[in-house]
Amino acid sequence: MSRLLRAALAIWLLLPAMASAAPVSYALQSDRSDVAFVYTLSGAEHRGTMPVSQASILIDFDTFTASSVEVSVDVRGARTGLIFATEALKAGSVLDARNHPTIRFQSTAIRPNDLRNLSAGGKIDGLLTIRGVTRPVTLDASLFRQQGTAAGDLSQLSFRISGAVNRSDFGASGYRDLVADTIVLDIAARVVRAE
């Protein structure tokens with residue numbers, strides 16, 4: 001059994017014992033998190049990153065569907081791995097970093113695939129704001145206890161979040177002859193219980 005599966009199982013087994021627990025606030029470990037995206041430039045896939053500027057994560061272990069996530073990333077700190085692509089990404093015809101320096105996601109619903117088996121992952125519905133345009137999105141998500149923590153220790157958790165958006169839906173349509181419309185999100189986030 002993989003470590004991730006054991007960690008997810010440990011979280012599930014602990015849930016009944018926490019049935020009367022209040023919602024728990026978690027802080028992002030930004031130095032141990034990677035907000036990444038994959039874009040296709042001239043037919044080749046490339047990976048970029050953006051730093052998180054703010055995050056608010058509330059997990060309700062009693063009613064998991066009442067949990068919430070709110071994250072903002074800094075467009076000005078984006079990196080694509082190619083200097084010319086980084087500058088194009090921040091340009092007015094794409095993300096327009098000068099006028100819209102933040103991308104924001106706010107969850108509206110969290111839907112586990114199976115409440116009895118959290119290792120099965122789930123969906124996070126939410127509102128994504130890019131270039132001042134807000135659209136609903138649905139992302140796939142999994143929650144795990146961080147590797148190296150003791151069984152039953154929920155003070156440090158890891159999320160894996162993925163999905164795709166069409167940049168043109170947000171008005172980020174520049175360089176369409178070079179860059180594909182679909183952008184794949186690949187986020188690994190680590191959080192620690194707030195004191």
# chains A, B, ... in the order shown; residues from 1 in each chain; ligands from 1
>>> residues_around(residues="A:Pro51", least_positions_apart="2", cutoff="10 Å", atoms="only C-alpha atoms", output="PyMOL selection string")
chain A and resi 30-31+33-36+49+53-54+72-79
>>> select_by_dssp(residues="chain A", states="strand (DSSP E or B)", output="NGL selection string")
:A and (24-28 or 34-41 or 44-49 or 52-59 or 68-74 or 79 or 102-112 or 122-130 or 133-145 or 156-166 or 179 or 182-193)
>>> closest_residue(among="A:Asp125, A:Leu28, A:Arg98, A:Ile103", to="A:Ser67", atoms="only C-alpha atoms")
A:Asp125
>>> atom_distance(atom1="atom CA of A:Phe144", atom2="atom CA of A:Gly121")
9.5 Å
